[in-house]
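Colleague: This is target18.txt (compact mmCIF, C-alpha atoms).
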```txt
# COMPACT_ATOMS: atom_id res chain seq x y z
CA MET A 1 -7.68 -6.56 -17.89
CA HIS A 2 -9.27 -9.45 -19.75
CA GLY A 3 -12.65 -8.41 -18.35
CA ARG A 4 -12.48 -5.34 -20.60
CA ALA A 5 -12.30 -7.40 -23.81
CA GLY A 6 -15.83 -6.42 -24.88
CA LEU A 7 -15.17 -2.67 -24.82
CA PRO A 8 -15.38 -0.76 -28.11
CA ASN A 9 -12.27 -0.68 -30.33
CA ILE A 10 -10.42 -3.43 -28.44
CA ILE A 11 -9.11 -6.17 -30.72
CA ASP A 12 -7.10 -8.23 -28.23
CA ILE A 13 -5.73 -8.18 -24.69
CA ARG A 14 -2.56 -10.04 -23.78
CA THR A 15 -1.14 -10.22 -20.27
CA ILE A 16 1.80 -11.66 -18.40
CA GLY A 17 2.14 -10.85 -14.72
CA LEU A 18 1.38 -7.17 -14.19
CA VAL A 19 1.99 -6.29 -17.85
CA ALA A 20 -0.93 -5.95 -20.27
CA GLY A 21 -0.81 -5.26 -23.99
CA ILE A 22 -4.12 -3.96 -25.32
CA GLU A 23 -4.48 -3.93 -29.09
CA LEU A 24 -6.82 -1.24 -30.35
CA GLU A 25 -8.70 -1.01 -33.64
CA PRO A 26 -6.84 1.63 -35.67
CA HIS A 27 -8.58 4.70 -37.04
CA PRO A 28 -9.07 4.17 -40.79
CA GLY A 29 -5.97 5.45 -42.57
CA ALA A 30 -4.31 6.58 -39.33
CA ALA A 31 -2.46 3.69 -37.71
CA GLY A 32 -1.34 4.54 -34.19
CA ALA A 33 -3.60 7.59 -33.85
CA ARG A 34 -6.16 5.92 -31.56
CA ALA A 35 -3.46 4.74 -29.15
CA PHE A 36 -1.76 8.12 -29.15
CA ASP A 37 -5.09 9.86 -28.46
CA LEU A 38 -5.61 7.53 -25.48
CA PHE A 39 -2.08 8.22 -24.25
CA ALA A 40 -2.46 12.01 -24.57
CA HIS A 41 -5.89 12.11 -22.91
CA TYR A 42 -4.92 10.08 -19.86
CA PHE A 43 -1.34 11.35 -19.43
CA GLU A 44 -2.82 14.62 -18.17
CA ARG A 45 -4.82 12.61 -15.61
CA GLY A 46 -1.81 10.72 -14.23
CA LEU A 47 -2.19 7.45 -16.12
CA LEU A 48 0.71 6.48 -18.33
CA PHE A 49 0.58 4.12 -21.33
CA ARG A 50 3.44 2.75 -23.37
CA VAL A 51 2.36 3.07 -27.00
CA THR A 52 3.55 0.91 -29.91
CA GLY A 53 1.41 1.46 -32.98
CA ASP A 54 -2.12 0.75 -31.83
CA ILE A 55 -1.06 -1.38 -28.87
CA VAL A 56 -1.04 0.24 -25.45
CA ALA A 57 0.40 -1.06 -22.20
CA PRO A 58 -0.65 0.67 -18.98
CA ILE A 59 2.33 1.59 -16.82
CA VAL A 60 1.97 1.05 -13.08
CA THR A 61 4.24 3.09 -10.84
CA CYS A 62 5.79 1.91 -7.59
CA ASP A 63 3.57 4.39 -5.74
CA GLN A 64 0.45 2.89 -7.34
CA ILE A 65 1.57 -0.64 -6.46
CA ASP A 66 2.25 0.50 -2.88
CA ARG A 67 -1.22 2.05 -2.70
CA ILE A 68 -2.83 -1.21 -3.89
CA ALA A 69 -0.76 -3.25 -1.41
CA ASN A 70 -1.60 -0.89 1.46
CA MET A 71 -5.31 -0.95 0.62
CA PHE A 72 -5.20 -4.75 0.51
CA ALA A 73 -3.45 -4.91 3.90
CA GLU A 74 -6.02 -2.52 5.37
CA ALA A 75 -8.86 -4.66 4.01
CA ILE A 76 -7.34 -7.83 5.46
CA ARG A 77 -6.86 -6.19 8.87
CA HIS A 78 -10.45 -4.96 8.78
CA LEU A 79 -11.77 -8.47 8.17
CA THR A 80 -9.93 -10.09 11.08
```
Take the structure from the file and write it as structure tokens.
Modeller:
Amino acid sequence: MHGRAGLPNIIDIRTIGLVAGIELEPHPGAAGARAFDLFAHYFERGLLFRVTGDIVAPIVTCDQIDRIANMFAEAIRHLT
């Protein structure tokens, strides 16, 4: 996530383990609106964010973690 720090409207990125909190620049006079817009846009596409003000935290499902783990295992098997 930290590699995205230079993207527009990102103030700060904080992580611990698989959890990331991404602080967004608020719209002038509309605190929380930018984060909610992000949430609403991507919810329809299957990506879920926890929203607190203008801080978003991407939510990873068990199925997504399984997919990552399975892809990793496949890659490792392919290399050996």
Colleague: Of the residues A:Arg50, A:Ala30, A:Met71, A:His2, which is the one nearest to A:Thr15, using all atoms listed in the file?
Modeller: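 Of A:Arg50, A:Ala30, A:Met71, A:His2, the one nearest A:Thr15, counting all atoms listed in the file, is A:His2.
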Colleague: Using all atoms listed in the file, determine which residues lie at most 10 Å from A:Ile55, disregarding the query and same-chain residues fewer than 3 positions distant; provide the list as a ChimeraX atom specification.
Modeller: /A:10-13,20-26,32,34-36,49-52
Colleague: Would you save the residues from that selection as an mmCIF file, in the coordinates of the input, using C-alpha atoms?
Modeller:
```cif
data_model
loop_
_atom_site.group_PDB
_atom_site.id
_atom_site.type_symbol
_atom_site.label_atom_id
_atom_site.label_comp_id
_atom_site.auth_asym_id
_atom_site.auth_seq_id
_atom_site.Cartn_x
_atom_site.Cartn_y
_atom_site.Cartn_z
ATOM 1 C CA ILE A 10 -10.420 -3.430 -28.440
ATOM 2 C CA ILE A 11 -9.110 -6.170 -30.720
ATOM 3 C CA ASP A 12 -7.100 -8.230 -28.230
ATOM 4 C CA ILE A 13 -5.730 -8.180 -24.690
ATOM 5 C CA ALA A 20 -0.930 -5.950 -20.270
ATOM 6 C CA GLY A 21 -0.810 -5.260 -23.990
ATOM 7 C CA ILE A 22 -4.120 -3.960 -25.320
ATOM 8 C CA GLU A 23 -4.480 -3.930 -29.090
ATOM 9 C CA LEU A 24 -6.820 -1.240 -30.350
ATOM 10 C CA GLU A 25 -8.700 -1.010 -33.640
ATOM 11 C CA PRO A 26 -6.840 1.630 -35.670
ATOM 12 C CA GLY A 32 -1.340 4.540 -34.190
ATOM 13 C CA ARG A 34 -6.160 5.920 -31.560
ATOM 14 C CA ALA A 35 -3.460 4.740 -29.150
ATOM 15 C CA PHE A 36 -1.760 8.120 -29.150
ATOM 16 C CA PHE A 49 0.580 4.120 -21.330
ATOM 17 C CA ARG A 50 3.440 2.750 -23.370
ATOM 18 C CA VAL A 51 2.360 3.070 -27.000
ATOM 19 C CA THR A 52 3.550 0.910 -29.910
#
```
Colleague: Ranking A:Leu47, A:His27, A:Leu79, A:Arg4 by minimum distance to A:Gln64 and counting only C-alpha atoms, which one comes first?
Modeller: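 Selected residue with least distance to A:Gln64: A:Leu47.
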Colleague: Name the closest residue to A:Ile65 among the candidates A:Leu38, A:Leu48, A:Leu18, A:Ala33; distances are taken between atoms, counting all atoms listed in the file.
Modeller: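 Nearest to A:Ile65: A:Leu18.
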Colleague: Quick one: distance from atom CA of A:Arg45 to atom CA of A:Pro58 in Å, one decimal?
Modeller: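 Straight-line distance from atom CA of A:Arg45 to atom CA of A:Pro58 works out to 13.1 Å.
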Colleague: Report, in Å with one decimal, the straight-line distance from atom CA of A:Val19 to atom CA of A:Glu44.
Modeller: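 Straight-line distance from atom CA of A:Val19 to atom CA of A:Glu44 works out to 21.5 Å.
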Colleague: Expressed in Å to a single decimal, how great is the separation between atom CA of A:Ala69 and atom CA of A:His41?
Modeller: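 Distance reported for this atom pair: 26.9 Å.
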